[in-house]
Amino acid sequence: MPVGTQGTVKGLTPAELQAAGTQILLANTYHLMLRPGSALIREQGGLHRFMAWDGPILTDSGGYQVLSLKELVRVREEGVHFRSHLDGSSEFLSPERSMEVQADLGSDIAVTLDHAVPLPADPETQRDAGERTLRWTERSLRHGRTLVTPEGREQLLFAIVQGGGDPDLRAEMAERTVALEGDGFAVGGLSVGETKEETWALARATTQVLPLDRPRYLMGMGTPLDLLDGIACGLDLFDCVLPTRNARNGMAFTTAGPINIRNAEHARSKEPLDAACGCEACVRYTRAYLRHLHLAGEILAHRMLTLHNVTFYQTLMAKARRAIDEGRFSSYAREFSEHYRERSGGPPASA
Ligand SMILES: [Zn+2]
């Protein structure tokens with residue numbers, strides 16, 4: 001899922017997103033509840049009509065953004081008190097409120113409110129946040145089942161599994177979350193300070209317990225290699241700002257690894273960003289031209305790199321789906337990672 005923070009994937013129209021192979025978008029509850037407000041979006045007929053996207057939309061619960069505000073956040077049993085980053089006004093997000101905002105937005109998939117903790121954290125804090133997440137999940141699901149979207153539809157409700165950095169706690173939390181009957185499950189609170197190896201061990205501890213007939217969504221992680229590792233752990237659905245945010249900083253993902261279009265080596269290049277890609281940026285323009293546009297601060301550079309990166313991610317996933325259907329996912333993933341090099345400076349900046 002490309003991320004449409006403010007009800008738009010920055011720089012791309014719905015038609016361009018579709019042409020890039022996008023099946024579903026993520027929109028941020030936190031940002032949209034503060035501006036323009038979820039009542040206004042309900043009045044406008046819901047987010048699909050408001051942003052002119054007729055494909056599926058998943059909304060997050062808003063909890064992650066609120067908790068990352070750090071300052072002026074108070075977590076209480078009833079919910080989270082915080083101050084808006086826009087005007088400093090006092091705001092409140094509870095499980096019930098989050099589900100109401102998401103129903104107003106009219107997303108197809110709404111996500112329960114959870115309490116994630118940065119790692120490392122002491123066992124007591126992790127247990128405490130996990131137990132609170134379970135109580136909030138129950139409240140979110142109970143209230144969410146009573147709501148309808150502006151189009152009069154019920155939403156699919158995904159429950160988030162927490163459990164911190166302890167695989168046993170993860171497995172326990174997964175089991176108890178499954179008992180609460182979500183339509184799908186999300187794995188939250190990963191990539192928050194632990195090593196990659198630990199991340200996948202924690203993801204596996206969770207997915208091993210989740211039912212096979214419900215989608216599993218890994219929240220907020222996604223270099224191309226992360227997506228393939230995540231699929232290997234049994235995860236189905238991903239969101240990440242990397243392809244769109246990094247595009248605006250001049251980074252393009254290619255089958256040989258990420259490149260930065262600002263680099264002098266591209267100044268005279270007559271090559272496309274990625275010869276294997278069929279997007280408009282790659283079919284029409286050279287690296288030299290896109291570099292020039294980027295350095296001149298032209299909007300078209302941001303748009304074309306974003307279009308390319310979204311296309312690259314969607315193509316990666318479409319190929320993964322085909323490989324799974326044909327029973328050759330492991331060899332597909334191995335082949336991709338053999339060609340894909342994350343250059344010096346390590347992996348692209350994290351989400
Ligand atoms: Zn392309």
# chains A, B, ... in the order shown; residues from 1 in each chain; ligands from 1

$ residues_around --residues "Ala288 of chain A" --least-positions-apart "6" --cutoff "9 Å" --atoms "only C-alpha atoms" --output "PDB file with N, CA, C and O atoms, in the first residue's frame"
ATOM      1  N   ILE A 261      19.571  10.048  -7.745  1.00  0.00           N
ATOM      2  CA  ILE A 261      19.632  10.750  -9.025  1.00  0.00           C
ATOM      3  C   ILE A 261      20.483  12.013  -8.921  1.00  0.00           C
ATOM      4  O   ILE A 261      20.953  12.535  -9.924  1.00  0.00           O
ATOM      5  N   HIS A 266      25.229  10.283 -12.805  1.00  0.00           N
ATOM      6  CA  HIS A 266      24.062  10.237 -13.686  1.00  0.00           C
ATOM      7  C   HIS A 266      23.962  11.468 -14.595  1.00  0.00           C
ATOM      8  O   HIS A 266      23.057  11.552 -15.418  1.00  0.00           O
ATOM      9  N   ALA A 267      24.910  12.417 -14.467  1.00  0.00           N
ATOM     10  CA  ALA A 267      24.785  13.710 -15.146  1.00  0.00           C
ATOM     11  C   ALA A 267      24.662  13.578 -16.666  1.00  0.00           C
ATOM     12  O   ALA A 267      23.949  14.352 -17.307  1.00  0.00           O
ATOM     13  N   ARG A 268      25.371  12.599 -17.237  1.00  0.00           N
ATOM     14  CA  ARG A 268      25.334  12.442 -18.700  1.00  0.00           C
ATOM     15  C   ARG A 268      24.699  11.123 -19.133  1.00  0.00           C
ATOM     16  O   ARG A 268      24.814  10.719 -20.282  1.00  0.00           O
ATOM     17  N   SER A 269      24.016  10.489 -18.185  1.00  0.00           N
ATOM     18  CA  SER A 269      23.479   9.157 -18.478  1.00  0.00           C
ATOM     19  C   SER A 269      22.260   9.221 -19.398  1.00  0.00           C
ATOM     20  O   SER A 269      21.319   9.967 -19.160  1.00  0.00           O
ATOM     21  N   LYS A 270      22.343   8.424 -20.480  1.00  0.00           N
ATOM     22  CA  LYS A 270      21.197   8.344 -21.397  1.00  0.00           C
ATOM     23  C   LYS A 270      20.304   7.154 -21.055  1.00  0.00           C
ATOM     24  O   LYS A 270      19.364   6.841 -21.772  1.00  0.00           O
ATOM     25  N   GLU A 271      20.617   6.505 -19.923  1.00  0.00           N
ATOM     26  CA  GLU A 271      19.834   5.335 -19.484  1.00  0.00           C
ATOM     27  C   GLU A 271      18.562   5.794 -18.769  1.00  0.00           C
ATOM     28  O   GLU A 271      18.538   6.875 -18.179  1.00  0.00           O
ATOM     29  N   PRO A 272      17.536   4.925 -18.790  1.00  0.00           N
ATOM     30  CA  PRO A 272      16.376   5.198 -17.927  1.00  0.00           C
ATOM     31  C   PRO A 272      16.724   4.858 -16.479  1.00  0.00           C
ATOM     32  O   PRO A 272      17.778   4.259 -16.221  1.00  0.00           O
TER      33      PRO A 272
END

$ closest_atom_pairs --of "chain A" --to "ligand 1" --cutoff "10 Å" --atoms "only C-alpha atoms and all ligand atoms" --output "CSV"
residue,atom,partner,partner_atom_place_in_ligand_line,distance
A:Ala20,CA,ligand 1,1 (Zn),9.0
A:Ala252,CA,ligand 1,1 (Zn),8.8
A:Phe253,CA,ligand 1,1 (Zn),8.8
A:Thr254,CA,ligand 1,1 (Zn),8.3
A:Pro272,CA,ligand 1,1 (Zn),7.8
A:Leu273,CA,ligand 1,1 (Zn),6.3
A:Asp274,CA,ligand 1,1 (Zn),5.9
A:Ala275,CA,ligand 1,1 (Zn),7.9
A:Ala276,CA,ligand 1,1 (Zn),7.8
A:Cys277,CA,ligand 1,1 (Zn),4.5
A:Gly278,CA,ligand 1,1 (Zn),5.6
A:Cys279,CA,ligand 1,1 (Zn),4.2
A:Glu280,CA,ligand 1,1 (Zn),6.5
A:Ala281,CA,ligand 1,1 (Zn),5.3
A:Cys282,CA,ligand 1,1 (Zn),4.3
A:Val283,CA,ligand 1,1 (Zn),7.3
A:Arg284,CA,ligand 1,1 (Zn),9.5
A:Tyr285,CA,ligand 1,1 (Zn),9.6
A:Met304,CA,ligand 1,1 (Zn),8.2
A:Leu305,CA,ligand 1,1 (Zn),7.8
A:Thr306,CA,ligand 1,1 (Zn),9.2
A:Leu307,CA,ligand 1,1 (Zn),7.1
A:His308,CA,ligand 1,1 (Zn),3.9
A:Asn309,CA,ligand 1,1 (Zn),6.8
A:Val310,CA,ligand 1,1 (Zn),8.5
A:Thr311,CA,ligand 1,1 (Zn),6.3
A:Phe312,CA,ligand 1,1 (Zn),6.5
A:Thr315,CA,ligand 1,1 (Zn),9.9

$ write_last_selection --atoms "C-alpha atoms" --output "JSON list (two decimals), in the first residue's frame"
[["chain", "number", "residue", "atom", "x", "y", "z"],
["A", 20, "ALA", "CA", 1.45, 1.86, -11.47],
["A", 252, "ALA", "CA", 14.97, 5.73, -7.11],
["A", 253, "PHE", "CA", 14.64, 1.99, -6.50],
["A", 254, "THR", "CA", 16.01, -0.18, -9.31],
["A", 272, "PRO", "CA", 16.38, 5.20, -17.93],
["A", 273, "LEU", "CA", 16.07, 4.86, -14.13],
["A", 274, "ASP", "CA", 15.47, 1.14, -14.62],
["A", 275, "ALA", "CA", 15.58, -0.54, -18.03],
["A", 276, "ALA", "CA", 13.29, -3.30, -16.74],
["A", 277, "CYS", "CA", 10.52, -0.83, -15.79],
["A", 278, "GLY", "CA", 7.63, 0.19, -18.01],
["A", 279, "CYS", "CA", 6.51, 3.33, -16.15],
["A", 280, "GLU", "CA", 6.26, 6.70, -17.89],
["A", 281, "ALA", "CA", 9.43, 7.96, -16.18],
["A", 282, "CYS", "CA", 11.45, 5.04, -17.52],
["A", 283, "VAL", "CA", 9.88, 4.89, -20.98],
["A", 284, "ARG", "CA", 10.28, 8.62, -21.73],
["A", 285, "TYR", "CA", 13.14, 10.12, -19.74],
["A", 304, "MET", "CA", 8.30, 10.97, -12.02],
["A", 305, "LEU", "CA", 10.51, 9.47, -9.28],
["A", 306, "THR", "CA", 7.42, 8.82, -7.16],
["A", 307, "LEU", "CA", 5.62, 7.22, -10.10],
["A", 308, "HIS", "CA", 8.66, 5.06, -10.80],
["A", 309, "ASN", "CA", 9.13, 3.96, -7.17],
["A", 310, "VAL", "CA", 5.47, 3.07, -6.71],
["A", 311, "THR", "CA", 5.57, 1.13, -9.99],
["A", 312, "PHE", "CA", 8.76, -0.62, -8.86],
["A", 315, "THR", "CA", 5.83, -4.81, -9.83]]

$ select_by_dssp --residues "segment 209-343 of chain A" --states "strand (DSSP E)" --output "PyMOL selection string"
chain A and resi 216-218+237-238+251-252+259-260

$ closest_residue --among "A:Leu86, A:Leu105, A:Glu342, A:Ala333" --to "Gly46 of chain A" --atoms "only C-alpha atoms"
A:Leu105

$ select_by_dssp --residues "segment 112-222 of chain A" --states "alpha helix (DSSP H)" --output "VMD selection string"
chain A and resid 123 to 144 167 to 178 196 to 207

$ write_last_selection --atoms "C-alpha atoms" --output "mmCIF file, in the first residue's frame"
data_model
loop_
_atom_site.group_PDB
_atom_site.id
_atom_site.type_symbol
_atom_site.label_atom_id
_atom_site.label_comp_id
_atom_site.auth_asym_id
_atom_site.auth_seq_id
_atom_site.Cartn_x
_atom_site.Cartn_y
_atom_site.Cartn_z
ATOM 1 C CA PRO A 123 9.517 -6.722 30.469
ATOM 2 C CA GLU A 124 6.953 -5.029 32.677
ATOM 3 C CA THR A 125 6.454 -2.138 30.243
ATOM 4 C CA GLN A 126 6.120 -4.556 27.313
ATOM 5 C CA ARG A 127 3.584 -6.745 29.162
ATOM 6 C CA ASP A 128 1.678 -3.663 30.274
ATOM 7 C CA ALA A 129 1.437 -2.237 26.730
ATOM 8 C CA GLY A 130 0.452 -5.675 25.379
ATOM 9 C CA GLU A 131 -2.358 -6.083 27.922
ATOM 10 C CA ARG A 132 -3.596 -2.545 27.245
ATOM 11 C CA THR A 133 -3.547 -3.279 23.508
ATOM 12 C CA LEU A 134 -5.767 -6.330 24.099
ATOM 13 C CA ARG A 135 -8.263 -4.285 26.110
ATOM 14 C CA TRP A 136 -8.225 -1.534 23.461
ATOM 15 C CA THR A 137 -8.607 -4.121 20.684
ATOM 16 C CA GLU A 138 -11.720 -5.517 22.350
ATOM 17 C CA ARG A 139 -13.187 -2.017 22.741
ATOM 18 C CA SER A 140 -12.257 -1.066 19.141
ATOM 19 C CA LEU A 141 -13.883 -4.180 17.672
ATOM 20 C CA ARG A 142 -17.017 -3.932 19.815
ATOM 21 C CA HIS A 143 -17.581 -0.282 18.904
ATOM 22 C CA GLY A 144 -16.427 -0.645 15.298
ATOM 23 C CA PRO A 167 8.803 -13.884 21.056
ATOM 24 C CA ASP A 168 6.888 -15.739 23.806
ATOM 25 C CA LEU A 169 4.907 -12.642 24.691
ATOM 26 C CA ARG A 170 4.268 -12.085 20.952
ATOM 27 C CA ALA A 171 2.882 -15.605 20.574
ATOM 28 C CA GLU A 172 0.689 -15.221 23.652
ATOM 29 C CA MET A 173 -0.626 -11.847 22.476
ATOM 30 C CA ALA A 174 -1.303 -13.271 19.009
ATOM 31 C CA GLU A 175 -3.321 -16.134 20.494
ATOM 32 C CA ARG A 176 -5.374 -13.834 22.694
ATOM 33 C CA THR A 177 -5.905 -11.336 19.832
ATOM 34 C CA VAL A 178 -7.115 -14.089 17.501
ATOM 35 C CA LYS A 196 16.536 -7.155 11.611
ATOM 36 C CA GLU A 197 17.109 -10.709 12.826
ATOM 37 C CA GLU A 198 15.038 -10.006 15.935
ATOM 38 C CA THR A 199 12.343 -8.337 13.821
ATOM 39 C CA TRP A 200 11.789 -11.467 11.742
ATOM 40 C CA ALA A 201 11.943 -13.774 14.771
ATOM 41 C CA LEU A 202 9.206 -11.657 16.395
ATOM 42 C CA ALA A 203 7.177 -11.580 13.171
ATOM 43 C CA ARG A 204 7.401 -15.374 12.894
ATOM 44 C CA ALA A 205 6.395 -15.846 16.532
ATOM 45 C CA THR A 206 3.252 -13.877 15.645
ATOM 46 C CA THR A 207 2.373 -15.291 12.210
#

$ closest_residue --among "A:Gly106, A:Val148, A:Trp53, A:Asp87" --to "Thr22 of chain A" --atoms "only C-alpha atoms"
A:Trp53

$ atom_distance --atom1 "atom CA of Gln102 of chain A" --atom2 "atom CA of Gln44 of chain A"
14.3 Å

$ closest_residue --among "A:Ala15, A:Ala103, A:Ile109, A:Ile24" --to "Ile41 of chain A" --atoms "only C-alpha atoms"
A:Ala103

$ atom_distance --atom1 "atom CA of Gly4 of chain A" --atom2 "atom CA of Arg83 of chain A"
22.2 Å

$ atom_distance --atom1 "atom CA of Ser94 of chain A" --atom2 "atom CA of Phe158 of chain A"
16.3 Å
